[in-house]
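Since the structure comes first, as structure tokens, the remarks are kept for the end.
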Amino acid sequence: MKLSSKDLLGIKELTKDEITLILNTASGFKDVLKRDIKKVPALRGKTAVNIFFEPSTRTRTSFELAEKRLSLDVLNLSVTTSSVVKGESLIDTALNVQALGADFMVIRHSSSGAPHLISKHIDATVINGGDGINEHPTQALLDAFTIKEKTGRIEGLKIAIVGDILHSRVAKSNIYLLTKFGAEVRLIGPPTLVPKEIEGLGVRIFNDMDSGLDAVNAVMVLRIQVERQGKGFFPSTLEYSKNWGLTSERLSMADKDVIVMHPGPMNRGLEVASDVADGPRSVILEQVTNGLAVRMAVMYLLAGVRE
Amino acid sequence: MPKELLDKKDIDRILARMAHEILEKNKVIKELCLVGIQSGGVHLAKRLAGKIKEIEGMEIPVGSLDIAFYRDDLNIRKEQPQVRKTDVPCEITDMKVVLVDDVLFTGRSIRAALDALMDMGRPSCIQLAVLIDRGHRELPIKADFAGKNIPTAIDENVEVSLEEEGLEDKVTIE
């Protein structure tokens, strides 16, 4: 069994079997990460370039460490120091990076579809590290890995995603993945941030927390993008927090073994209360650890796809 | 048509002999650890540990080792090798590790396994036990304990099937 494409652009394009292959391979890498020597020679001699046109700490450092642990040589380009500020086009940047000998390009861009566009012009493997409001596939994969590790399955689980669904690529990728595996996906948030049309993806919409969280097995809390305050999506962060913030009281509506997830960075006390984020149901830091194993698995498997 | 080289009884007798040989060479049992290479080697390592227990009445740790990340052919294979479980239940530093595999052929898997083991610790020594040595080595590697030496042509295929995988115990050549 191998992946069918040399690129990872989105969860939408993956089959259930391909996702299962990635998650199983990630288990092997998680074992490696528990050892004293956390590096394997699997991709020795190959080069990865992380091109981040948008600020990111967590995803970029996670990719970078995953790459180093696979023995890849790593370059990081960030938009503020690259020729993009001198007017170079996206495709020219990618072609130049390819000419340096890059085998992998991890792309983060504020425009949806940017990695897809780049992948049409270059032979190197392109991995979507988050594009606009479209997808963030490795986040959904690490979330799925975490859910499976904690509950043993995905099928049949009730999973709530709370917050700004409209602008969230994390939510999109998770919806694609979780519905492929037959989970019941519930979206909770203000109507302005949870568009009615999204029901077409096979999810249920709730506008209040208590009914939405009833008996759920996992809650994914999204970061409320503070920069959207004052744009008419919600009245104030305080009011948002009052209605849709995850508190321990609200969490008591969920299944007793519920897990609480957050892709980071968290606004403590806003979308999630500190005692919940640090509480016994939280798997937020395990998500970060699992992200390394999942990203290693993705790169290892994509390296085996030769077209 | 595959030709049968060893049957269930043969394999059992060979493993019993190998268990004795391993004990003869490693007198201090508490320093001994068996590590099987996924997947055939793992079953054989467990069987050898069973035999050792019958002989000495002592349990020795048995681990499994996946060598996918250490292979030297990742760049030329058509698809990545499946990643299986690596689980070595003891600290291997200062232990005598007996690496167990089903068939010794080019020696490249053993080279990968040696690198994988070295990343896990610093054993006092590593020995190699294989059920079948079929020749055609491409690296300077030899078995310390060989169940059976079988001369083969390079294009022949030696297959070890085991009950643990739902098959009949036998070794065939084709």
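All residue names refer to the structure tokens as shown: chains lettered A, B, ... in order, residues numbered from 1 in each chain, ligands numbered from 1 in order.
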
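Within 10 Å of B:Met1, once only C-alpha atoms are used and residues closer than 6 positions along the same chain are dropped, the contacting residues are Thr172, Ile173 and Glu174 of chain B.
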
Output for the residues just chosen: C-alpha atoms as an mmCIF file, in the first residue's frame:
data_model
loop_
_atom_site.group_PDB
_atom_site.id
_atom_site.type_symbol
_atom_site.label_atom_id
_atom_site.label_comp_id
_atom_site.auth_asym_id
_atom_site.auth_seq_id
_atom_site.Cartn_x
_atom_site.Cartn_y
_atom_site.Cartn_z
ATOM 1 C CA THR B 172 10.408 -23.958 0.860
ATOM 2 C CA ILE B 173 12.520 -23.004 -2.141
ATOM 3 C CA GLU B 174 11.341 -22.010 -5.578
#

Practice task
Find the residues near stretch 67-84 of chain B: any atom within 9 Å, counting only C-alpha atoms, skip ones fewer than 3 places away on the same chain, and give them as a count of residues only.
Solution key: 33

Exercise for the section: List every residue of stretch 6-155 of chain B that DSSP, applied to the backbone, labels as strand (DSSP E or B), and write the result as JSON, numbers by chain. Expected result: {"B": [6, 32, 33, 34, 35, 36, 37, 62, 63, 64, 65, 87, 96, 97, 98, 99, 100, 101, 102, 103, 104, 125, 126, 127, 128, 129, 130, 131, 132, 133, 145, 146, 147, 148, 149]}

Practice task
For each of A:Ser111, A:Val170, A:Met296, A:Ala144, take the minimum atom-to-atom distance to chain B, counting only C-alpha atoms, then give the residue where this is smallest.
Solution key: A:Met296

Exercise for the section: Quick one: everything within 10 Å of stretch 236-240 of chain A, counting only C-alpha atoms, minus sequence neighbours fewer than 2 positions away in the same chain. Send it as a PyMOL selection string. Expected result: chain A and resi 163+189-190+224-226+228-234+242-245+269-271

Exercise for the section: Please give the complete set of residues from chain B that DSSP, run on the backbone, assigns to helix (DSSP H, G or I), formatted as a PyMOL selection string. Expected result: chain B and resi 8-25+29-31+40-56+68-70+108-118+163-165

Output C-alpha atoms for every residue in that selection, as a short mmCIF file (atom, residue, chain, number, x, y, z; two decimals), in the first residue's frame.
data_model
loop_
_atom_site.label_atom_id
_atom_site.label_comp_id
_atom_site.auth_asym_id
_atom_site.auth_seq_id
_atom_site.Cartn_x
_atom_site.Cartn_y
_atom_site.Cartn_z
CA LYS B 8 7.66 -28.55 11.32
CA LYS B 9 9.75 -31.23 13.07
CA ASP B 10 12.95 -30.14 11.35
CA ILE B 11 12.40 -26.52 12.34
CA ASP B 12 11.70 -27.49 15.94
CA ARG B 13 14.84 -29.62 16.18
CA ILE B 14 16.96 -26.89 14.62
CA LEU B 15 15.65 -24.28 17.04
CA ALA B 16 16.32 -26.59 20.00
CA ARG B 17 19.90 -27.01 18.83
CA MET B 18 20.32 -23.28 18.28
CA ALA B 19 19.01 -22.57 21.80
CA HIS B 20 21.72 -24.88 23.19
CA GLU B 21 24.37 -23.20 21.06
CA ILE B 22 23.30 -19.74 22.22
CA LEU B 23 23.50 -20.87 25.86
CA GLU B 24 26.84 -22.54 25.31
CA LYS B 25 28.31 -19.31 24.01
CA ILE B 29 21.94 -15.69 31.04
CA LYS B 30 20.88 -12.54 32.81
CA GLU B 31 22.91 -10.48 30.34
CA GLY B 40 9.60 -13.61 10.78
CA GLY B 41 12.55 -13.02 13.11
CA VAL B 42 10.24 -11.98 15.94
CA HIS B 43 8.38 -15.31 15.95
CA LEU B 44 11.64 -17.24 15.86
CA ALA B 45 13.11 -15.14 18.70
CA LYS B 46 10.07 -15.97 20.84
CA ARG B 47 10.42 -19.67 20.06
CA LEU B 48 14.12 -19.61 20.92
CA ALA B 49 13.33 -17.88 24.21
CA GLY B 50 10.78 -20.63 24.90
CA LYS B 51 13.43 -23.30 24.29
CA ILE B 52 15.91 -21.49 26.50
CA LYS B 53 13.34 -21.41 29.27
CA GLU B 54 12.78 -25.16 28.90
CA ILE B 55 16.50 -25.77 29.19
CA GLU B 56 17.49 -23.28 31.91
CA ALA B 68 12.24 0.16 7.68
CA PHE B 69 13.83 3.53 8.55
CA TYR B 70 17.34 2.10 8.27
CA ARG B 108 21.67 -5.76 4.01
CA SER B 109 18.79 -6.23 6.46
CA ILE B 110 21.30 -7.19 9.13
CA ARG B 111 23.34 -4.05 8.40
CA ALA B 112 20.14 -1.98 8.84
CA ALA B 113 19.28 -3.86 12.04
CA LEU B 114 22.76 -3.23 13.46
CA ASP B 115 22.35 0.50 12.87
CA ALA B 116 18.88 0.45 14.43
CA LEU B 117 20.21 -1.37 17.52
CA MET B 118 23.12 1.04 17.88
CA GLU B 163 2.30 -20.99 12.45
CA GLU B 164 2.29 -17.59 14.15
CA GLU B 165 1.21 -16.08 10.83
#

Exercise for the section: Find the spatial neighbours of stretch 59-62 of chain A, counting only C-alpha atoms, within a cut-off of 9 Å - ignore same-chain residues fewer than 6 positions away - and output them as a PyMOL selection string. Expected result: chain A and resi 50-52+76+106+108+129-130+139+288-289+291-292+295

What's the 9 Å shell around B:Asp144, counting only C-alpha atoms, without same-chain residues fewer than 2 positions away, as a PDB file with C-alpha atoms, in the first residue's frame?
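Result file follows (around.pdb):
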ATOM      1  CA  ILE B  22      23.301 -19.743  22.220  1.00  0.00           C
ATOM      2  CA  GLN B 127      25.437 -11.937  17.796  1.00  0.00           C
ATOM      3  CA  LEU B 128      23.412 -13.142  14.843  1.00  0.00           C
ATOM      4  CA  ALA B 129      21.117 -16.165  14.769  1.00  0.00           C
ATOM      5  CA  VAL B 130      19.320 -17.163  11.561  1.00  0.00           C
ATOM      6  CA  LYS B 142      28.162 -13.776   9.009  1.00  0.00           C
ATOM      7  CA  ALA B 146      22.896 -20.768  11.603  1.00  0.00           C
TER       8      ALA B 146
END

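Across the structure, atom CA of A:Leu95 and atom CA of A:Glu67 are spaced 20.8 Å apart.
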
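Put simply, atom CA of A:Glu227 is 28.7 Å away from atom CA of A:Asn290.
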
Handout entry: 10 Å contact set for A:Lys172, only C-alpha atoms, chain neighbours under 2 positions out, as a PyMOL selection string
Key = chain A and resi 10-12+133-137+140+165-170+174-177+198+201

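With only C-alpha atoms as the atoms that count, the minimum distance from chain A to the choices B:Leu34, B:Leu65, B:Val100, B:Ile60 is reached by B:Leu65.
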